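A.B. asks: You'll find coords32.txt just under this line, and it carries compact mmCIF, C-alpha atoms and all ligand atoms.
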# COMPACT_ATOMS: atom_id res chain seq x y z
CA ARG A 242 -14.99 -1.64 16.44
CA THR A 243 -14.70 -1.29 12.67
CA ALA A 244 -11.21 -0.06 11.74
CA LEU A 245 -11.81 0.29 8.01
CA ALA A 246 -14.94 0.28 5.89
CA VAL A 247 -15.20 0.72 2.16
CA SER A 248 -18.64 1.03 0.64
CA ASP A 249 -19.80 1.01 -2.97
CA LEU A 250 -16.28 1.83 -4.12
CA ASP A 251 -15.97 2.49 -7.83
CA LEU A 252 -13.13 3.51 -10.10
CA ARG A 253 -13.64 4.16 -13.79
CA ILE A 254 -10.71 5.22 -15.93
CA GLY A 255 -11.58 6.00 -19.53
CA GLY A 256 -14.02 3.29 -20.52
CA ALA A 257 -12.68 0.77 -18.02
CA HIS A 258 -14.45 -0.13 -14.81
CA ILE A 259 -11.38 -0.94 -12.75
CA ILE A 260 -13.04 -1.16 -9.34
CA ASP A 261 -16.70 -2.12 -9.45
CA ASP A 262 -18.95 -1.56 -6.44
CA VAL A 263 -16.66 -2.99 -3.74
CA SER A 264 -17.89 -2.98 -0.13
CA PHE A 265 -16.41 -4.64 2.96
CA GLU A 266 -15.44 -3.92 6.53
CA VAL A 267 -12.39 -4.89 8.54
CA ALA A 268 -12.65 -5.09 12.32
CA ALA A 269 -9.97 -3.60 14.55
CA GLY A 270 -7.28 -6.22 15.06
CA GLU A 271 -8.44 -8.33 12.14
CA MET A 272 -6.17 -9.55 9.37
CA LEU A 273 -7.70 -9.77 5.91
CA GLY A 274 -5.96 -11.48 3.01
CA VAL A 275 -6.70 -9.96 -0.39
CA ILE A 276 -6.22 -12.38 -3.26
CA GLY A 277 -7.21 -12.60 -6.90
CA PRO A 278 -5.69 -13.18 -10.33
CA ASN A 279 -3.22 -10.69 -11.80
CA GLY A 280 -5.00 -7.50 -12.85
CA ALA A 281 -7.98 -8.15 -10.57
CA GLY A 282 -7.67 -4.71 -8.96
CA LYS A 283 -5.94 -5.51 -5.66
CA THR A 284 -3.26 -2.81 -5.87
CA THR A 285 -5.80 -0.32 -7.19
CA LEU A 286 -8.02 -1.08 -4.20
CA PHE A 287 -5.07 -0.28 -1.89
CA ASN A 288 -4.44 2.92 -3.87
CA LEU A 289 -8.05 3.98 -3.25
CA ILE A 290 -7.91 3.12 0.44
CA SER A 291 -4.59 4.91 0.98
CA GLY A 292 -5.53 7.97 -1.07
CA VAL A 293 -3.09 7.54 -3.95
CA LEU A 294 -6.21 7.47 -6.15
CA ARG A 295 -9.65 9.06 -5.68
CA PRO A 296 -12.65 6.87 -6.41
CA SER A 297 -15.29 7.70 -9.00
CA GLY A 298 -17.86 6.78 -6.36
CA GLY A 299 -18.24 5.28 -2.92
CA ARG A 300 -16.61 5.89 0.44
CA VAL A 301 -13.56 5.00 2.49
CA VAL A 302 -14.09 5.25 6.25
CA LEU A 303 -11.27 4.90 8.79
CA ASP A 304 -12.43 4.51 12.36
CA ASP A 305 -15.70 6.35 11.69
CA ALA A 306 -13.95 9.20 9.87
CA ASP A 307 -14.82 9.55 6.19
CA VAL A 308 -11.43 9.97 4.47
CA THR A 309 -12.67 9.52 0.89
CA ARG A 310 -11.53 13.02 -0.06
CA SER A 311 -8.49 13.17 2.25
CA PRO A 312 -4.95 13.25 0.88
CA VAL A 313 -2.44 10.48 1.56
CA ASP A 314 -0.67 12.32 4.40
CA LYS A 315 -3.89 12.99 6.27
CA ARG A 316 -4.81 9.29 6.11
CA ALA A 317 -1.31 8.44 7.29
CA ARG A 318 -1.76 10.70 10.31
CA ALA A 319 -5.08 8.95 10.96
CA GLY A 320 -3.12 5.70 11.32
CA LEU A 321 -3.18 4.21 7.84
CA GLY A 322 0.13 2.82 6.58
CA ARG A 323 0.87 1.19 3.29
CA THR A 324 3.72 -0.64 1.57
CA PHE A 325 4.07 -0.89 -2.15
CA GLN A 326 4.47 -3.86 -4.46
CA THR A 327 7.96 -2.60 -5.20
CA SER A 328 10.31 -1.35 -2.53
CA SER A 329 10.00 2.27 -1.42
CA LEU A 330 13.13 2.89 0.61
CA PHE A 331 15.89 5.47 0.40
CA PRO A 332 18.57 3.00 -0.74
CA GLU A 333 21.52 5.30 -0.10
CA LEU A 334 20.51 5.90 3.52
CA SER A 335 21.19 3.48 6.31
CA VAL A 336 18.55 1.19 7.74
CA HIS A 337 18.34 3.36 10.87
CA GLU A 338 18.12 6.57 8.86
CA ASN A 339 15.19 5.24 6.84
CA VAL A 340 13.20 4.46 9.98
CA ARG A 341 14.24 7.72 11.61
CA LEU A 342 12.85 9.68 8.64
CA ALA A 343 9.55 7.85 9.02
CA ALA A 344 9.49 8.68 12.73
CA GLN A 345 10.31 12.33 12.01
CA SER A 346 7.37 12.64 9.65
CA ARG A 347 5.11 11.13 12.31
CA LEU A 348 6.41 13.57 14.91
CA GLY A 349 5.76 16.45 12.52
CA HIS A 350 9.45 17.30 12.41
CA VAL A 351 11.01 18.52 9.21
CA ALA A 352 12.86 15.54 7.81
CA SER A 353 16.56 16.23 7.96
CA PHE A 354 18.77 14.63 5.35
CA LEU A 355 21.79 16.55 6.60
CA ARG A 356 22.51 15.02 9.96
CA PHE A 357 21.58 11.74 11.46
CA PRO A 358 22.78 11.55 15.05
CA ARG A 359 22.85 7.85 15.79
CA ARG A 360 21.41 8.37 19.25
CA GLY A 361 19.78 11.06 21.25
CA ASP A 362 16.77 12.57 19.61
CA GLU A 363 13.25 11.22 19.86
CA ALA A 364 13.03 10.00 16.27
CA SER A 365 16.28 8.11 16.73
CA THR A 366 14.95 6.38 19.84
CA ILE A 367 11.74 5.42 18.04
CA ALA A 368 13.81 4.03 15.17
CA ASP A 369 15.84 1.88 17.56
CA ARG A 370 12.69 0.43 19.09
CA ARG A 371 11.00 -0.25 15.77
CA LEU A 372 14.09 -1.94 14.30
CA ASP A 373 14.22 -4.16 17.36
CA GLU A 374 10.58 -5.15 16.83
CA VAL A 375 11.26 -6.40 13.30
CA GLY A 376 14.60 -7.99 14.19
CA LEU A 377 16.82 -5.59 12.24
CA SER A 378 18.78 -3.97 15.09
CA GLU A 379 22.02 -5.59 14.07
CA LEU A 380 21.74 -4.19 10.55
CA ALA A 381 20.90 -0.63 11.67
CA ASP A 382 24.03 0.96 10.20
CA ARG A 383 24.00 -0.86 6.87
CA ASP A 384 22.94 0.91 3.70
CA ALA A 385 19.35 -0.02 2.92
CA ALA A 386 20.42 -0.88 -0.64
CA GLY A 387 22.52 -3.77 0.65
CA LEU A 388 19.72 -5.60 2.45
CA SER A 389 18.19 -8.84 1.21
CA HIS A 390 14.66 -8.55 -0.18
CA GLY A 391 13.29 -10.06 3.01
CA ASP A 392 15.11 -7.54 5.20
CA LYS A 393 13.97 -4.68 2.95
CA ARG A 394 10.41 -5.76 3.61
CA LYS A 395 11.06 -5.85 7.34
CA LEU A 396 12.54 -2.36 7.07
CA GLU A 397 9.42 -1.11 5.29
CA ILE A 398 7.33 -2.57 8.10
CA ALA A 399 9.56 -0.87 10.70
CA MET A 400 8.91 2.40 8.85
CA LEU A 401 5.14 1.84 9.10
CA LEU A 402 5.57 1.16 12.81
CA ALA A 403 7.58 4.38 13.20
CA GLN A 404 4.63 6.18 11.61
CA ASP A 405 2.30 4.60 14.20
CA ALA A 406 0.23 2.85 11.55
CA ASP A 407 -2.61 0.91 13.17
CA VAL A 408 -4.09 -0.16 9.87
CA MET A 409 -1.46 -1.60 7.56
CA LEU A 410 -1.86 -2.34 3.87
CA LEU A 411 0.85 -4.77 2.75
CA ASP A 412 1.01 -5.26 -1.02
CA GLU A 413 2.71 -8.57 -1.82
CA PRO A 414 5.21 -8.51 1.04
CA MET A 415 6.71 -11.84 -0.07
CA ALA A 416 7.31 -10.73 -3.69
CA GLY A 417 10.95 -11.24 -4.59
CA VAL A 418 11.79 -12.56 -1.13
CA GLY A 419 14.01 -15.64 -1.18
CA SER A 420 12.38 -18.74 0.23
CA ALA A 421 14.88 -18.85 3.10
CA ASP A 422 13.69 -15.38 4.22
CA VAL A 423 9.96 -16.09 3.98
CA PRO A 424 9.50 -17.67 7.45
CA GLY A 425 11.21 -14.73 9.22
CA LEU A 426 9.03 -12.22 7.41
CA VAL A 427 5.90 -14.23 8.11
CA GLU A 428 6.87 -14.24 11.77
CA VAL A 429 7.18 -10.43 11.83
CA ILE A 430 3.73 -10.04 10.25
CA ARG A 431 2.27 -12.61 12.64
CA HIS A 432 3.71 -10.64 15.56
CA LEU A 433 2.15 -7.39 14.34
CA HIS A 434 -1.20 -9.08 14.04
CA LYS A 435 -1.38 -11.56 16.91
CA ASP A 436 0.74 -9.84 19.58
CA GLN A 437 0.22 -6.18 18.74
CA GLY A 438 -3.35 -6.41 17.51
CA ARG A 439 -2.78 -4.30 14.45
CA THR A 440 -5.31 -4.32 11.63
CA ILE A 441 -3.72 -5.69 8.47
CA LEU A 442 -4.81 -6.08 4.86
CA MET A 443 -2.35 -8.17 2.89
CA VAL A 444 -2.28 -8.81 -0.84
CA GLU A 445 -0.28 -11.97 -1.36
CA HIS A 446 0.03 -14.68 -3.98
CA HIS A 447 1.68 -17.27 -1.72
CA MET A 448 -1.49 -19.04 -0.61
CA ASP A 449 0.20 -21.00 2.16
CA VAL A 450 1.37 -17.71 3.67
CA VAL A 451 -2.08 -16.14 3.32
CA LEU A 452 -3.94 -19.07 4.82
CA GLY A 453 -1.48 -19.40 7.69
CA LEU A 454 -1.91 -15.78 8.80
CA VAL A 455 -5.29 -14.30 8.03
CA ASP A 456 -8.67 -14.31 9.75
CA ARG A 457 -10.63 -13.79 6.54
CA VAL A 458 -9.92 -13.69 2.82
CA ALA A 459 -11.33 -11.29 0.21
CA VAL A 460 -11.19 -12.39 -3.42
CA MET A 461 -11.01 -9.76 -6.15
CA HIS A 462 -11.81 -10.58 -9.76
CA HIS A 463 -12.27 -8.14 -12.68
CA GLY A 464 -12.48 -5.25 -10.20
CA ARG A 465 -15.25 -6.86 -8.18
CA LEU A 466 -15.27 -8.44 -4.75
CA LEU A 467 -16.09 -12.00 -5.70
CA ALA A 468 -16.18 -13.44 -2.19
CA ILE A 469 -15.17 -12.63 1.38
CA GLY A 470 -15.13 -14.97 4.34
CA SER A 471 -13.13 -17.49 6.28
CA PRO A 472 -10.35 -19.23 4.36
CA ASP A 473 -12.40 -22.45 4.25
CA GLU A 474 -15.52 -20.71 2.95
CA VAL A 475 -13.62 -18.85 0.30
CA MET A 476 -11.48 -21.72 -0.93
CA SER A 477 -14.48 -23.99 -1.33
CA ASN A 478 -16.48 -21.31 -3.18
CA GLU A 479 -17.11 -22.38 -6.78
CA LEU A 480 -17.06 -18.80 -8.07
CA VAL A 481 -13.58 -18.42 -6.59
CA GLN A 482 -12.36 -21.67 -8.08
CA GLY A 483 -13.74 -20.59 -11.46
CA ALA A 484 -12.01 -17.21 -11.28
CA TYR A 485 -8.68 -18.92 -10.91
CA LEU A 486 -9.09 -21.34 -13.84
CA GLY A 487 -5.79 -21.36 -15.64
CA GLU A 488 -4.01 -19.73 -12.69
CA GLN A 489 -2.61 -21.31 -9.62
CA LEU A 490 -4.77 -20.91 -6.53
P1 LIG A 501 -3.64 -6.41 -9.28
O1 LIG A 501 -2.91 -5.66 -8.23
O2 LIG A 501 -4.81 -7.18 -8.76
O3 LIG A 501 -2.73 -7.29 -10.10
P2 LIG A 501 -4.11 -3.78 -10.42
O4 LIG A 501 -4.88 -3.09 -9.37
O5 LIG A 501 -2.67 -3.45 -10.54
O6 LIG A 501 -4.29 -5.36 -10.31
O7 LIG A 501 -4.78 -3.49 -11.83
C1 LIG A 501 -6.16 -3.70 -12.06
C2 LIG A 501 -6.51 -3.29 -13.46
O8 LIG A 501 -6.54 -1.87 -13.56
C3 LIG A 501 -5.55 -3.79 -14.52
O9 LIG A 501 -6.31 -4.16 -15.64
C4 LIG A 501 -4.69 -2.57 -14.79
O10 LIG A 501 -4.20 -2.63 -16.10
C5 LIG A 501 -5.68 -1.43 -14.60
N1 LIG A 501 -5.10 -0.17 -14.13
C6 LIG A 501 -4.47 0.02 -12.96
N2 LIG A 501 -4.10 1.30 -12.82
C7 LIG A 501 -4.52 1.94 -13.94
C8 LIG A 501 -4.46 3.29 -14.41
N3 LIG A 501 -3.90 4.26 -13.68
N4 LIG A 501 -4.98 3.55 -15.61
C9 LIG A 501 -5.56 2.60 -16.34
N5 LIG A 501 -5.66 1.33 -15.97
C10 LIG A 501 -5.16 1.00 -14.78
MG MG A 502 -0.59 -7.57 -10.19
MG MG A 503 -0.95 -5.66 -7.57
How does the structure come out when it is put into structure tokens?
C.D. replies:
Amino acid sequence: RTALAVSDLDLRIGGAHIIDDVSFEVAAGEMLGVIGPNGAGKTTLFNLISGVLRPSGGRVVLDDADVTRSPVDKRARAGLGRTFQTSSLFPELSVHENVRLAAQSRLGHVASFLRFPRRGDEASTIADRRLDEVGLSELADRDAAGLSHGDKRKLEIAMLLAQDADVMLLDEPMAGVGSADVPGLVEVIRHLHKDQGRTILMVEHHMDVVLGLVDRVAVMHHGRLLAIGSPDEVMSNELVQGAYLGEQL
């Protein structure tokens, strides 16, 4: 089964061709690393897939449904979840409250900022389970603002889980995360992929993290898909090596 397919995707802004004829498919349960030099178009590609931006041309298909013209919330209900390069939490709310809000939106409930019963309602129960899955149960009552970068990333993943995201777009999950927290976060992502069979696209600059987790790698360069394939195929590709001249691979 193909979980996500993009075909002939194009984005032109002003005179700039920011995404240029990108096509690829991701199988259900597959994990795809998305790499490429700064400014290659990786985040923009995620914006097009998640519906933050509309393409100038081409299609985005989720599980056989063409969502190219669908708004972000409709794609989210279809199972697409996305994290951002910078944190997107409610810092003044607790860890549990953040996940509970995500669960409420999934359940179609009106998000309530007024009362957060710690236990009892369905969203609260979902939040408990999702925090347990990412190993944050003990921090449930802390303010989100006080978490380490690594725990904030785990919290964002718990929020995607609370939204029932089957296809997850993770944009630089290790950015800003202290090296001591990297292995724990890698383990959470590995669990989502290997044990839960979720479909994951991950933009990441830490190549050791990428190569240790993914099934295939896609390389973006100047808005184009330069190469896609197994880590070995991609890393030995001369076009890829050339694209990274002057940057660390
Ligand atoms: P990456 O995530 O690979 O570092 P981005 O997707 O953020 O790259 O950016 C790709 C290119 O598109 C960059 O040259 C960036 O300046 C440009 N870009 C991104 N968003 C916009 C926008 N809304 N308007 C104009 N240019 C943009
Ligand atoms: Mg960048
Ligand atoms: Mg980016």
A.B. asks: Would you mind listing the residues within 9 Å of ligand MG 502 (chain A), counting all atoms listed in the file, as a PyMOL selection string?
C.D. replies: chain A and resi 277-284+326
A.B. asks: Could you tell me how far atom CA of Thr309 of chain A sits from atom N5 of ligand LIG 501 (chain A), in Å to one decimal place?
C.D. replies: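 Atom-to-atom, atom N5 of ligand LIG 501 (chain A) to atom CA of Thr309 of chain A, that is 20.0 Å.
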A.B. asks: Quote the spacing between atom CA of Leu454 of chain A and atom CA of Ser471 of chain A in Å to one decimal place.
C.D. replies: 11.6 Å
A.B. asks: When you look at segment 317-325 of chain A with a cut-off of 6 Å (counting all atoms listed in the file), what residues show up, excluding the ones that are within fewer than 2 positions of it in the same chain? I need them as an NGL selection string.
C.D. replies: :A and (314-315 or 327 or 401 or 406-412)
A.B. asks: For a quick check of understanding, using all atoms listed in the file, which of A:Ile469, A:Leu342, A:Val308, A:Val375 has the smallest distance to Ile290 of chain A?
C.D. replies: A:Val308
A.B. asks: Do you know which residues are at most 10 Å from segment 359-371 of chain A counting only C-alpha atoms, after dropping those on the same chain fewer than 2 positions away, and could you put them as a PyMOL selection string?
C.D. replies: chain A and resi 336-348+350+356-357+373-378+381-382+396+398-404
A.B. asks: State, in Å with one decimal place, the distance from atom C1 of ligand LIG 501 (chain A) to atom CA of Ile259 of chain A.
C.D. replies: 5.9 Å
A.B. asks: So which one's closest to ligand MG 503 (chain A), A:Pro312, A:Gly298, A:Gly255, A:Pro414? Using only C-alpha atoms and all ligand atoms, please.
C.D. replies: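 Among the listed residues, the smallest separation from ligand MG 503 (chain A) belongs to A:Pro414.
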